[in-house]
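Next comes structure08.pdb, a file with PDB, C-alpha atoms, pLDDT in the B column.
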```
ATOM      1  CA  MET A   1    -169.443  71.067  17.334  1.00 46.00           C
ATOM      2  CA  ALA A   2    -172.678  72.755  18.413  1.00 46.00           C
ATOM      3  CA  ASP A   3    -172.754  71.078  21.854  1.00 51.00           C
ATOM      4  CA  GLU A   4    -171.099  73.382  24.408  1.00 52.00           C
ATOM      5  CA  GLY A   5    -170.642  70.455  26.798  1.00 53.00           C
ATOM      6  CA  GLY A   6    -168.788  68.554  24.113  1.00 51.00           C
ATOM      7  CA  LEU A   7    -166.562  71.536  23.393  1.00 51.00           C
ATOM      8  CA  GLU A   8    -165.751  71.921  27.071  1.00 60.00           C
ATOM      9  CA  GLU A   9    -164.820  68.239  27.312  1.00 52.00           C
ATOM     10  CA  LEU A  10    -162.489  68.586  24.305  1.00 50.00           C
ATOM     11  CA  ARG A  11    -160.796  71.560  25.969  1.00 54.00           C
ATOM     12  CA  ARG A  12    -160.403  69.599  29.218  1.00 56.00           C
ATOM     13  CA  LEU A  13    -158.756  66.716  27.403  1.00 49.00           C
ATOM     14  CA  GLY A  14    -156.540  69.001  25.335  1.00 60.00           C
ATOM     15  CA  ALA A  15    -157.878  67.697  22.010  1.00 55.00           C
ATOM     16  CA  ARG A  16    -157.790  70.123  19.110  1.00 54.00           C
ATOM     17  CA  SER A  17    -160.223  68.377  16.781  1.00 58.00           C
ATOM     18  CA  VAL A  18    -162.842  65.653  16.469  1.00 53.00           C
ATOM     19  CA  PRO A  19    -163.437  62.780  16.352  1.00 59.00           C
ATOM     20  CA  VAL A  20    -161.768  61.490  19.507  1.00 58.00           C
ATOM     21  CA  VAL A  21    -162.325  58.471  21.754  1.00 58.00           C
ATOM     22  CA  SER A  22    -161.698  59.069  25.460  1.00 60.00           C
ATOM     23  CA  ARG A  23    -161.396  57.116  28.690  1.00 60.00           C
ATOM     24  CA  GLY A  24    -161.118  59.266  31.785  1.00 59.00           C
ATOM     25  CA  ASP A  25    -158.346  61.761  31.118  1.00 63.00           C
ATOM     26  CA  ARG A  26    -156.866  59.785  28.226  1.00 62.00           C
ATOM     27  CA  PHE A  27    -157.921  60.125  24.603  1.00 56.00           C
ATOM     28  CA  VAL A  28    -156.914  59.131  21.120  1.00 55.00           C
ATOM     29  CA  PHE A  29    -157.770  60.789  17.815  1.00 58.00           C
ATOM     30  CA  ALA A  30    -160.243  58.548  15.983  1.00 57.00           C
ATOM     31  CA  GLN A  31    -158.705  59.452  12.638  1.00 53.00           C
ATOM     32  CA  VAL A  32    -157.243  55.991  12.097  1.00 57.00           C
ATOM     33  CA  ILE A  33    -159.202  52.944  13.187  1.00 56.00           C
ATOM     34  CA  SER A  34    -156.082  51.001  14.235  1.00 57.00           C
ATOM     35  CA  ASP A  35    -155.361  53.658  16.881  1.00 59.00           C
ATOM     36  CA  VAL A  36    -158.870  53.283  18.311  1.00 56.00           C
ATOM     37  CA  VAL A  37    -158.622  49.483  18.341  1.00 53.00           C
ATOM     38  CA  GLN A  38    -155.306  49.650  20.195  1.00 56.00           C
ATOM     39  CA  PHE A  39    -156.591  52.308  22.630  1.00 50.00           C
ATOM     40  CA  LEU A  40    -159.656  50.228  23.532  1.00 53.00           C
ATOM     41  CA  ALA A  41    -157.682  46.957  23.549  1.00 50.00           C
ATOM     42  CA  LEU A  42    -160.096  45.354  21.079  1.00 50.00           C
ATOM     43  CA  ASP A  43    -159.428  41.992  19.466  1.00 51.00           C
ATOM     44  CA  GLU A  44    -159.894  43.213  15.909  1.00 57.00           C
ATOM     45  CA  ASN A  45    -157.904  43.474  12.686  1.00 53.00           C
ATOM     46  CA  PRO A  46    -158.036  47.232  12.012  1.00 65.00           C
ATOM     47  CA  GLY A  47    -156.080  47.351   8.747  1.00 78.00           C
ATOM     48  CA  PRO A  48    -157.634  48.833   5.592  1.00 94.00           C
ATOM     49  CA  ALA A  49    -159.949  46.366   3.858  1.00 94.00           C
ATOM     50  CA  LEU A  50    -159.337  47.910   0.427  1.00 97.00           C
ATOM     51  CA  SER A  51    -156.003  47.806  -1.378  1.00 97.00           C
ATOM     52  CA  PRO A  52    -154.424  51.101  -2.531  1.00 98.00           C
ATOM     53  CA  THR A  53    -155.595  50.329  -6.079  1.00 98.00           C
ATOM     54  CA  GLU A  54    -159.148  49.772  -4.847  1.00 98.00           C
ATOM     55  CA  LEU A  55    -158.983  52.940  -2.775  1.00 98.00           C
ATOM     56  CA  TYR A  56    -157.862  54.882  -5.833  1.00 98.00           C
ATOM     57  CA  ALA A  57    -160.825  53.642  -7.882  1.00 98.00           C
ATOM     58  CA  ARG A  58    -163.234  54.339  -5.037  1.00 98.00           C
ATOM     59  CA  TYR A  59    -161.904  57.843  -4.467  1.00 98.00           C
ATOM     60  CA  GLU A  60    -162.024  58.688  -8.150  1.00 98.00           C
ATOM     61  CA  HIS A  61    -165.728  57.799  -8.124  1.00 98.00           C
ATOM     62  CA  VAL A  62    -166.364  59.717  -4.888  1.00 98.00           C
ATOM     63  CA  LEU A  63    -164.697  62.892  -6.131  1.00 98.00           C
ATOM     64  CA  GLU A  64    -166.472  62.689  -9.483  1.00 98.00           C
ATOM     65  CA  THR A  65    -169.754  62.327  -7.592  1.00 98.00           C
ATOM     66  CA  ALA A  66    -168.880  65.284  -5.370  1.00 98.00           C
ATOM     67  CA  VAL A  67    -168.208  67.478  -8.410  1.00 98.00           C
ATOM     68  CA  ARG A  68    -171.569  66.468  -9.844  1.00 98.00           C
ATOM     69  CA  LEU A  69    -173.453  67.197  -6.608  1.00 98.00           C
ATOM     70  CA  VAL A  70    -171.711  70.506  -5.921  1.00 98.00           C
ATOM     71  CA  ARG A  71    -172.687  71.638  -9.411  1.00 98.00           C
ATOM     72  CA  GLN A  72    -176.361  71.167  -8.435  1.00 98.00           C
ATOM     73  CA  MET A  73    -176.289  73.410  -5.355  1.00 98.00           C
ATOM     74  CA  PRO A  74    -177.846  76.853  -6.022  1.00 98.00           C
ATOM     75  CA  ASP A  75    -175.519  79.734  -5.231  1.00 98.00           C
ATOM     76  CA  HIS A  76    -178.042  81.401  -2.913  1.00 97.00           C
ATOM     77  CA  LYS A  77    -177.824  78.384  -0.572  1.00 97.00           C
ATOM     78  CA  LEU A  78    -174.048  78.475  -0.090  1.00 97.00           C
ATOM     79  CA  GLU A  79    -173.997  80.578   3.102  1.00 96.00           C
ATOM     80  CA  LEU A  80    -176.600  78.480   4.918  1.00 96.00           C
ATOM     81  CA  GLN A  81    -175.292  76.689   8.017  1.00 94.00           C
ATOM     82  CA  LEU A  82    -174.997  72.923   8.368  1.00 93.00           C
ATOM     83  CA  PRO A  83    -177.024  71.061  10.990  1.00 82.00           C
ATOM     84  CA  HIS A  84    -175.083  70.695  14.266  1.00 76.00           C
ATOM     85  CA  ARG A  85    -171.906  72.334  12.893  1.00 79.00           C
ATOM     86  CA  PRO A  86    -170.778  75.976  12.642  1.00 84.00           C
ATOM     87  CA  ARG A  87    -169.922  75.519   8.969  1.00 92.00           C
ATOM     88  CA  SER A  88    -171.594  76.866   5.815  1.00 96.00           C
ATOM     89  CA  TYR A  89    -172.583  74.807   2.794  1.00 97.00           C
ATOM     90  CA  ARG A  90    -169.820  76.616   0.892  1.00 98.00           C
ATOM     91  CA  MET A  91    -167.219  75.561   3.445  1.00 97.00           C
ATOM     92  CA  LEU A  92    -168.364  71.938   3.358  1.00 97.00           C
ATOM     93  CA  MET A  93    -168.313  71.837  -0.445  1.00 98.00           C
ATOM     94  CA  HIS A  94    -164.788  73.272  -0.515  1.00 98.00           C
ATOM     95  CA  HIS A  95    -163.671  70.952   2.314  1.00 98.00           C
ATOM     96  CA  ILE A  96    -164.529  67.834   0.280  1.00 98.00           C
ATOM     97  CA  PHE A  97    -161.754  68.788  -2.154  1.00 98.00           C
ATOM     98  CA  GLN A  98    -159.415  70.350   0.409  1.00 98.00           C
ATOM     99  CA  ILE A  99    -159.075  66.911   2.054  1.00 98.00           C
ATOM    100  CA  PRO A 100    -157.342  65.357  -0.998  1.00 98.00           C
ATOM    101  CA  THR A 101    -155.424  68.594  -1.532  1.00 98.00           C
ATOM    102  CA  ALA A 102    -153.874  68.298   1.935  1.00 98.00           C
ATOM    103  CA  TYR A 103    -153.121  64.622   1.347  1.00 98.00           C
ATOM    104  CA  LEU A 104    -151.485  65.256  -2.023  1.00 98.00           C
ATOM    105  CA  ASP A 105    -149.455  68.122  -0.568  1.00 98.00           C
ATOM    106  CA  MET A 106    -148.153  65.713   2.093  1.00 97.00           C
ATOM    107  CA  GLU A 107    -147.328  63.168  -0.601  1.00 97.00           C
ATOM    108  CA  ASP A 108    -145.526  65.713  -2.765  1.00 97.00           C
ATOM    109  CA  THR A 109    -143.497  67.364   0.003  1.00 97.00           C
ATOM    110  CA  GLY A 110    -143.007  64.551   2.513  1.00 95.00           C
ATOM    111  CA  GLU A 111    -143.910  67.016   5.258  1.00 96.00           C
ATOM    112  CA  THR A 112    -146.254  66.312   8.183  1.00 97.00           C
ATOM    113  CA  LEU A 113    -149.953  66.455   7.415  1.00 97.00           C
ATOM    114  CA  THR A 114    -151.330  69.256   9.603  1.00 97.00           C
ATOM    115  CA  TYR A 115    -154.848  69.822  10.868  1.00 95.00           C
ATOM    116  CA  GLU A 116    -154.663  73.378   9.517  1.00 97.00           C
ATOM    117  CA  SER A 117    -154.083  72.076   5.981  1.00 97.00           C
ATOM    118  CA  LEU A 118    -157.367  70.152   6.121  1.00 97.00           C
ATOM    119  CA  VAL A 119    -159.501  73.086   7.262  1.00 95.00           C
ATOM    120  CA  VAL A 120    -158.228  75.753   4.881  1.00 97.00           C
ATOM    121  CA  ARG A 121    -161.181  78.014   4.101  1.00 96.00           C
ATOM    122  CA  PRO A 122    -162.291  78.754   0.540  1.00 97.00           C
ATOM    123  CA  SER A 123    -160.922  81.981  -0.847  1.00 95.00           C
ATOM    124  CA  ALA A 124    -163.095  85.081  -0.912  1.00 93.00           C
ATOM    125  CA  GLU A 125    -163.421  84.674  -4.689  1.00 92.00           C
ATOM    126  CA  MET A 126    -164.766  81.119  -4.390  1.00 97.00           C
ATOM    127  CA  ARG A 127    -168.378  82.124  -3.788  1.00 96.00           C
ATOM    128  CA  THR A 128    -170.240  80.125  -6.430  1.00 98.00           C
ATOM    129  CA  SER A 129    -170.859  76.448  -6.946  1.00 98.00           C
ATOM    130  CA  ALA A 130    -169.171  76.748 -10.346  1.00 98.00           C
ATOM    131  CA  ALA A 131    -165.993  78.077  -8.721  1.00 98.00           C
ATOM    132  CA  ILE A 132    -165.916  75.158  -6.270  1.00 98.00           C
ATOM    133  CA  VAL A 133    -166.564  72.716  -9.125  1.00 98.00           C
ATOM    134  CA  ALA A 134    -163.546  74.150 -10.945  1.00 98.00           C
ATOM    135  CA  PHE A 135    -161.466  73.578  -7.820  1.00 98.00           C
ATOM    136  CA  GLY A 136    -162.757  70.017  -7.544  1.00 98.00           C
ATOM    137  CA  GLU A 137    -161.962  69.260 -11.162  1.00 98.00           C
ATOM    138  CA  SER A 138    -158.416  70.566 -10.726  1.00 98.00           C
ATOM    139  CA  VAL A 139    -157.999  68.301  -7.686  1.00 98.00           C
ATOM    140  CA  LEU A 140    -159.211  65.312  -9.706  1.00 98.00           C
ATOM    141  CA  THR A 141    -156.649  66.053 -12.428  1.00 98.00           C
ATOM    142  CA  ARG A 142    -153.910  66.268  -9.803  1.00 98.00           C
ATOM    143  CA  PHE A 143    -155.141  63.040  -8.144  1.00 98.00           C
ATOM    144  CA  HIS A 144    -154.955  61.129 -11.448  1.00 98.00           C
ATOM    145  CA  ALA A 145    -151.432  62.379 -12.111  1.00 98.00           C
ATOM    146  CA  TRP A 146    -150.325  61.458  -8.583  1.00 98.00           C
ATOM    147  CA  TRP A 147    -151.646  57.907  -8.915  1.00 98.00           C
ATOM    148  CA  ASP A 148    -149.864  57.407 -12.243  1.00 98.00           C
ATOM    149  CA  ARG A 149    -146.613  58.239 -10.418  1.00 98.00           C
ATOM    150  CA  VAL A 150    -147.104  56.186  -7.234  1.00 98.00           C
ATOM    151  CA  LYS A 151    -149.301  53.192  -8.095  1.00 97.00           C
ATOM    152  CA  ASP A 152    -146.362  50.771  -7.912  1.00 97.00           C
ATOM    153  CA  GLU A 153    -144.845  52.233  -4.753  1.00 97.00           C
ATOM    154  CA  ASP A 154    -144.868  50.937  -1.158  1.00 96.00           C
ATOM    155  CA  PHE A 155    -147.957  52.010   0.808  1.00 97.00           C
ATOM    156  CA  ASN A 156    -146.884  50.316   4.064  1.00 96.00           C
ATOM    157  CA  ARG A 157    -144.236  52.863   4.994  1.00 95.00           C
ATOM    158  CA  PRO A 158    -145.034  55.286   7.845  1.00 96.00           C
ATOM    159  CA  VAL A 159    -146.087  58.882   7.257  1.00 97.00           C
ATOM    160  CA  PRO A 160    -146.178  61.752   9.811  1.00 95.00           C
ATOM    161  CA  THR A 161    -149.497  63.418  10.635  1.00 95.00           C
ATOM    162  CA  TYR A 162    -150.840  65.801  13.281  1.00 93.00           C
ATOM    163  CA  PHE A 163    -152.492  62.853  15.074  1.00 88.00           C
ATOM    164  CA  GLY A 164    -149.327  60.740  15.079  1.00 90.00           C
ATOM    165  CA  GLU A 165    -147.494  58.396  12.765  1.00 92.00           C
ATOM    166  CA  THR A 166    -149.583  56.073  10.606  1.00 94.00           C
ATOM    167  CA  SER A 167    -149.023  54.008   7.501  1.00 96.00           C
ATOM    168  CA  ARG A 168    -149.345  55.509   4.052  1.00 97.00           C
ATOM    169  CA  HIS A 169    -152.071  52.935   3.311  1.00 97.00           C
ATOM    170  CA  GLU A 170    -154.096  53.922   6.389  1.00 96.00           C
ATOM    171  CA  MET A 171    -153.725  57.620   5.604  1.00 97.00           C
ATOM    172  CA  PHE A 172    -154.961  57.022   2.070  1.00 98.00           C
ATOM    173  CA  GLU A 173    -157.965  55.120   3.428  1.00 97.00           C
ATOM    174  CA  ARG A 174    -158.697  57.882   5.931  1.00 95.00           C
ATOM    175  CA  THR A 175    -158.570  60.486   3.159  1.00 97.00           C
ATOM    176  CA  VAL A 176    -161.022  58.470   1.067  1.00 98.00           C
ATOM    177  CA  TRP A 177    -163.589  57.901   3.792  1.00 96.00           C
ATOM    178  CA  HIS A 178    -163.361  61.503   4.985  1.00 96.00           C
ATOM    179  CA  SER A 179    -164.397  62.920   1.593  1.00 98.00           C
ATOM    180  CA  THR A 180    -166.897  60.083   1.154  1.00 98.00           C
ATOM    181  CA  GLN A 181    -168.753  61.050   4.330  1.00 96.00           C
ATOM    182  CA  HIS A 182    -168.970  64.707   3.313  1.00 97.00           C
ATOM    183  CA  THR A 183    -170.112  63.766  -0.197  1.00 98.00           C
ATOM    184  CA  ARG A 184    -172.979  61.810   1.366  1.00 97.00           C
ATOM    185  CA  GLN A 185    -173.824  64.946   3.342  1.00 96.00           C
ATOM    186  CA  MET A 186    -173.896  66.961   0.114  1.00 97.00           C
ATOM    187  CA  ALA A 187    -176.631  64.701  -1.251  1.00 98.00           C
ATOM    188  CA  SER A 188    -178.593  65.190   1.978  1.00 96.00           C
ATOM    189  CA  LEU A 189    -178.316  68.978   1.684  1.00 97.00           C
ATOM    190  CA  LEU A 190    -179.597  68.868  -1.888  1.00 98.00           C
ATOM    191  CA  GLU A 191    -182.573  66.789  -0.767  1.00 97.00           C
ATOM    192  CA  GLN A 192    -183.294  69.326   1.994  1.00 94.00           C
ATOM    193  CA  ALA A 193    -183.281  72.025  -0.701  1.00 95.00           C
ATOM    194  CA  GLY A 194    -185.860  70.060  -2.718  1.00 96.00           C
ATOM    195  CA  ILE A 195    -183.316  69.009  -5.357  1.00 98.00           C
ATOM    196  CA  VAL A 196    -182.975  65.384  -6.466  1.00 98.00           C
ATOM    197  CA  PRO A 197    -179.243  64.499  -6.193  1.00 98.00           C
ATOM    198  CA  ASP A 198    -177.700  63.372  -9.472  1.00 98.00           C
ATOM    199  CA  ARG A 199    -176.437  59.810  -8.886  1.00 98.00           C
ATOM    200  CA  PRO A 200    -175.445  60.159  -5.214  1.00 98.00           C
ATOM    201  CA  LEU A 201    -173.294  57.655  -3.380  1.00 98.00           C
ATOM    202  CA  GLY A 202    -174.991  54.437  -2.301  1.00 96.00           C
ATOM    203  CA  PRO A 203    -174.299  51.480   0.007  1.00 95.00           C
ATOM    204  CA  ASP A 204    -171.783  49.935  -2.406  1.00 95.00           C
ATOM    205  CA  ASP A 205    -169.731  53.143  -2.323  1.00 97.00           C
ATOM    206  CA  ILE A 206    -169.189  52.995   1.450  1.00 96.00           C
ATOM    207  CA  ARG A 207    -168.731  49.233   1.639  1.00 95.00           C
ATOM    208  CA  SER A 208    -165.370  48.197   3.168  1.00 96.00           C
ATOM    209  CA  LEU A 209    -164.762  51.744   4.441  1.00 96.00           C
ATOM    210  CA  PRO A 210    -164.972  52.464   8.206  1.00 93.00           C
ATOM    211  CA  LEU A 211    -168.287  54.304   7.862  1.00 92.00           C
ATOM    212  CA  THR A 212    -171.782  53.656   9.175  1.00 90.00           C
ATOM    213  CA  ASP A 213    -175.181  54.530   7.701  1.00 90.00           C
ATOM    214  CA  LYS A 214    -175.221  57.668   9.850  1.00 89.00           C
ATOM    215  CA  ILE A 215    -174.715  60.749   7.674  1.00 90.00           C
ATOM    216  CA  TRP A 216    -174.783  63.536  10.267  1.00 86.00           C
ATOM    217  CA  ASP A 217    -172.972  63.663  13.596  1.00 73.00           C
ATOM    218  CA  GLU A 218    -175.481  65.001  16.128  1.00 54.00           C
ATOM    219  CA  THR A 219    -172.884  66.028  18.708  1.00 40.00           C
TER     220      THR A 219
END
```

As structure tokens:
Amino acid sequence: MADEGGLEELRRLGARSVPVVSRGDRFVFAQVISDVVQFLALDENPGPALSPTELYARYEHVLETAVRLVRQMPDHKLELQLPHRPRSYRMLMHHIFQIPTAYLDMEDTGETLTYESLVVRPSAEMRTSAAIVAFGESVLTRFHAWWDRVKDEDFNRPVPTYFGETSRHEMFERTVWHSTQHTRQMASLLEQAGIVPDRPLGPDDIRSLPLTDKIWDET
């Protein structure tokens, strides 16, 4: 976050990451919509709107789009900083694929998903768009293999994460929308660089995911 007031409020609450929803001295991580609905005592059905099979198809398309967009970013732009966030283009591009990497690691090991696993920085050698594309393509290959193994399994069982226990289905949805939002940001960065994004995500690609039309968080 670029807002010092916002950072100070996070420290006061004891929150380690965003997004959070707070009331007074209480807060909840806004990572899973059902937690927010319960925290605010809303009369809503917060469960994922898309089935695991639909989420798989959506994520496959999102990650393929991300690979395509990352390939378009000129290498000399990679160390530029994002608007409103202390993060470089290179870090954002890598993060899109680190999100599914952390999720798949959790799936493979059964261990708790940690915040640190989501924000792993790109290696010193990963300094070109081509290198990040190669990483993204390897993640896609791993994602396909994972789905072939688990597509008939139970996605209602609970899984442990750094923001608390949630269902496997909700964690899958959260993983999908997280990368989806950053892939939309990639298209915006290309446009800012004067490059026409190659088949970016559109309204149909965010439909039924807990996302709004807002691409950048201004906090």

**Residues within 12 Å of Ala187 (chain A), all atoms listed in the file, excluding chain neighbours under 6 positions, as a list in words** = Val62, Thr65, Ala66, Val67, Arg68, Leu69, Val70, Arg71, Gln72, Met73, Tyr89, Leu92, Met93, Thr180, Gln181, Ala193, Gly194, Ile195, Val196, Pro197, Asp198, Arg199, Pro200, Leu201, Gly202, Ile215 and Trp216 of chain A

**Prompt:** Taking (-164.8, 63.1, 3.3) in the file's coordinates as the center, which residues reach within 10 Å of it, counting all atoms listed in the file, put as a PyMOL selection string?
**Reply:** chain A and resi 59+62-63+66+92+95-100+174-185

File of the preceding selection, C-alpha atoms, as a PDB file, keeping the file's coordinate frame:
```pdb
ATOM      1  CA  TYR A  59    -161.904  57.843  -4.467  1.00 98.00           C
ATOM      2  CA  VAL A  62    -166.364  59.717  -4.888  1.00 98.00           C
ATOM      3  CA  LEU A  63    -164.697  62.892  -6.131  1.00 98.00           C
ATOM      4  CA  ALA A  66    -168.880  65.284  -5.370  1.00 98.00           C
ATOM      5  CA  LEU A  92    -168.364  71.938   3.358  1.00 97.00           C
ATOM      6  CA  HIS A  95    -163.671  70.952   2.314  1.00 98.00           C
ATOM      7  CA  ILE A  96    -164.529  67.834   0.280  1.00 98.00           C
ATOM      8  CA  PHE A  97    -161.754  68.788  -2.154  1.00 98.00           C
ATOM      9  CA  GLN A  98    -159.415  70.350   0.409  1.00 98.00           C
ATOM     10  CA  ILE A  99    -159.075  66.911   2.054  1.00 98.00           C
ATOM     11  CA  PRO A 100    -157.342  65.357  -0.998  1.00 98.00           C
ATOM     12  CA  ARG A 174    -158.697  57.882   5.931  1.00 95.00           C
ATOM     13  CA  THR A 175    -158.570  60.486   3.159  1.00 97.00           C
ATOM     14  CA  VAL A 176    -161.022  58.470   1.067  1.00 98.00           C
ATOM     15  CA  TRP A 177    -163.589  57.901   3.792  1.00 96.00           C
ATOM     16  CA  HIS A 178    -163.361  61.503   4.985  1.00 96.00           C
ATOM     17  CA  SER A 179    -164.397  62.920   1.593  1.00 98.00           C
ATOM     18  CA  THR A 180    -166.897  60.083   1.154  1.00 98.00           C
ATOM     19  CA  GLN A 181    -168.753  61.050   4.330  1.00 96.00           C
ATOM     20  CA  HIS A 182    -168.970  64.707   3.313  1.00 97.00           C
ATOM     21  CA  THR A 183    -170.112  63.766  -0.197  1.00 98.00           C
ATOM     22  CA  ARG A 184    -172.979  61.810   1.366  1.00 97.00           C
ATOM     23  CA  GLN A 185    -173.824  64.946   3.342  1.00 96.00           C
TER      24      GLN A 185
END
```

**Request:** Rank nothing, just name the residue among A:Glu191, A:Phe172, A:Met186, A:Asp152 nearest to Arg58 (chain A), using all atoms listed in the file.
**Result:**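 Closest residue, counting all atoms listed in the file: A:Phe172.
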
Starting from 5 Å padding per side, set up an axis-aligned box that covers all listed atoms of region 114-128 of chain A and hand over centre and edge lengths in Å, one decimal, as JSON.
```
{"center_x": -160.8, "center_y": 77.2, "center_z": 2.2, "size_x": 28.9, "size_y": 25.8, "size_z": 27.3}
```

**Request:** List, as a ChimeraX atom specification, every residue that the PyMOL selection byres ((chain A and resi 50) around 10) selects in the file provided.
**Result:** /A:47-49,51-56,58,169-170,173,207-209

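When all atoms listed in the file are used to measure the gap to Arg90 (chain A), the shortest distance among A:Met126, A:Val159, A:Leu140, A:Ala134 belongs to A:Met126.
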
**Message:** Between CA of Lys214 (chain A) and CA of His94 (chain A), what distance in Å does the model show, to one decimal?
**Reply:**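 So the two atoms, CA of Lys214 (chain A) and CA of His94 (chain A), lie 21.4 Å apart.
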
**Item:** A:Ala130, A:Leu113, A:Ala124, A:Leu189 ranked by distance to Phe163 (chain A), top pick (using only C-alpha atoms)
**Value:**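 Among the listed residues, the smallest separation from Phe163 (chain A) belongs to A:Leu113.
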
**Prompt:** Using the chain letters and numbers from the file, which residues does the PyMOL selection byres ((chain A and resi 156) around 8) grab, as a list in words?
**Reply:** Asp154, Phe155, Arg157, Pro158, Ser167, Arg168 and His169 of chain A

Just to be explicit: take each residue in the selection above, keep C-alpha atoms, and write the result as a PDB file, in the coordinates of the input.
```
ATOM      1  CA  ASP A 154    -144.868  50.937  -1.158  1.00 96.00           C
ATOM      2  CA  PHE A 155    -147.957  52.010   0.808  1.00 97.00           C
ATOM      3  CA  ARG A 157    -144.236  52.863   4.994  1.00 95.00           C
ATOM      4  CA  PRO A 158    -145.034  55.286   7.845  1.00 96.00           C
ATOM      5  CA  SER A 167    -149.023  54.008   7.501  1.00 96.00           C
ATOM      6  CA  ARG A 168    -149.345  55.509   4.052  1.00 97.00           C
ATOM      7  CA  HIS A 169    -152.071  52.935   3.311  1.00 97.00           C
TER       8      HIS A 169
END
```

**Request:** Identify which of the residues A:Leu118, A:Met106, A:His76, A:Thr166 lies closest to Ser88 (chain A), counting all atoms listed in the file when measuring atom-to-atom distances.
**Result:** A:His76

Taking the block above, write region 54-111 of chain A with C-alpha atoms as an mmCIF file, in the first residue's frame.
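Okay, decode08.cif is ready:
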```cif
data_model
loop_
_atom_site.group_PDB
_atom_site.id
_atom_site.type_symbol
_atom_site.label_atom_id
_atom_site.label_comp_id
_atom_site.auth_asym_id
_atom_site.auth_seq_id
_atom_site.Cartn_x
_atom_site.Cartn_y
_atom_site.Cartn_z
ATOM 1 C CA GLU A 54 -16.000 -24.299 -14.319
ATOM 2 C CA LEU A 55 -13.256 -22.746 -12.217
ATOM 3 C CA TYR A 56 -10.707 -25.016 -13.870
ATOM 4 C CA ALA A 57 -11.801 -23.942 -17.358
ATOM 5 C CA ARG A 58 -11.833 -20.286 -16.348
ATOM 6 C CA TYR A 59 -8.391 -20.455 -14.771
ATOM 7 C CA GLU A 60 -6.908 -22.246 -17.752
ATOM 8 C CA HIS A 61 -8.095 -19.361 -19.939
ATOM 9 C CA VAL A 62 -6.853 -16.727 -17.475
ATOM 10 C CA LEU A 63 -3.377 -18.228 -17.213
ATOM 11 C CA GLU A 64 -3.120 -18.665 -20.978
ATOM 12 C CA THR A 65 -4.091 -15.006 -21.352
ATOM 13 C CA ALA A 66 -1.522 -13.985 -18.744
ATOM 14 C CA VAL A 67 1.234 -15.835 -20.614
ATOM 15 C CA ARG A 68 0.220 -14.057 -23.805
ATOM 16 C CA LEU A 69 0.193 -10.608 -22.175
ATOM 17 C CA VAL A 70 3.458 -11.083 -20.285
ATOM 18 C CA ARG A 71 5.115 -12.019 -23.570
ATOM 19 C CA GLN A 72 4.169 -8.563 -24.925
ATOM 20 C CA MET A 73 5.817 -6.537 -22.150
ATOM 21 C CA PRO A 74 9.181 -5.044 -23.236
ATOM 22 C CA ASP A 75 12.057 -6.012 -20.970
ATOM 23 C CA HIS A 76 13.061 -2.387 -20.358
ATOM 24 C CA LYS A 77 9.700 -1.790 -18.632
ATOM 25 C CA LEU A 78 10.018 -4.590 -16.070
ATOM 26 C CA GLU A 79 11.507 -2.508 -13.231
ATOM 27 C CA LEU A 80 8.905 0.258 -13.452
ATOM 28 C CA GLN A 81 6.700 0.594 -10.362
ATOM 29 C CA LEU A 82 2.971 -0.099 -10.288
ATOM 30 C CA PRO A 83 0.503 2.682 -9.501
ATOM 31 C CA HIS A 84 -0.284 2.845 -5.761
ATOM 32 C CA ARG A 85 1.837 -0.225 -4.897
ATOM 33 C CA PRO A 86 5.546 -0.658 -4.088
ATOM 34 C CA ARG A 87 5.833 -3.463 -6.634
ATOM 35 C CA SER A 88 7.582 -3.609 -10.023
ATOM 36 C CA TYR A 89 6.026 -4.823 -13.255
ATOM 37 C CA ARG A 90 8.375 -7.817 -13.041
ATOM 38 C CA MET A 91 7.098 -8.711 -9.581
ATOM 39 C CA LEU A 92 3.467 -8.446 -10.672
ATOM 40 C CA MET A 93 4.059 -10.605 -13.749
ATOM 41 C CA HIS A 94 5.774 -13.274 -11.645
ATOM 42 C CA HIS A 95 3.083 -13.021 -8.938
ATOM 43 C CA ILE A 96 0.323 -13.979 -11.399
ATOM 44 C CA PHE A 97 1.930 -17.423 -11.697
ATOM 45 C CA GLN A 98 3.195 -17.649 -8.115
ATOM 46 C CA ILE A 99 -0.444 -17.608 -6.928
ATOM 47 C CA PRO A 100 -1.270 -20.974 -8.579
ATOM 48 C CA THR A 101 2.159 -22.278 -7.589
ATOM 49 C CA ALA A 102 1.374 -21.680 -3.911
ATOM 50 C CA TYR A 103 -2.060 -23.250 -4.330
ATOM 51 C CA LEU A 104 -0.693 -26.337 -6.074
ATOM 52 C CA ASP A 105 2.024 -26.698 -3.439
ATOM 53 C CA MET A 106 -0.708 -26.705 -0.771
ATOM 54 C CA GLU A 107 -2.647 -29.302 -2.749
ATOM 55 C CA ASP A 108 0.389 -31.530 -3.223
ATOM 56 C CA THR A 109 1.678 -31.374 0.357
ATOM 57 C CA GLY A 110 -1.490 -30.871 2.397
ATOM 58 C CA GLU A 111 0.354 -28.196 4.363
#
```
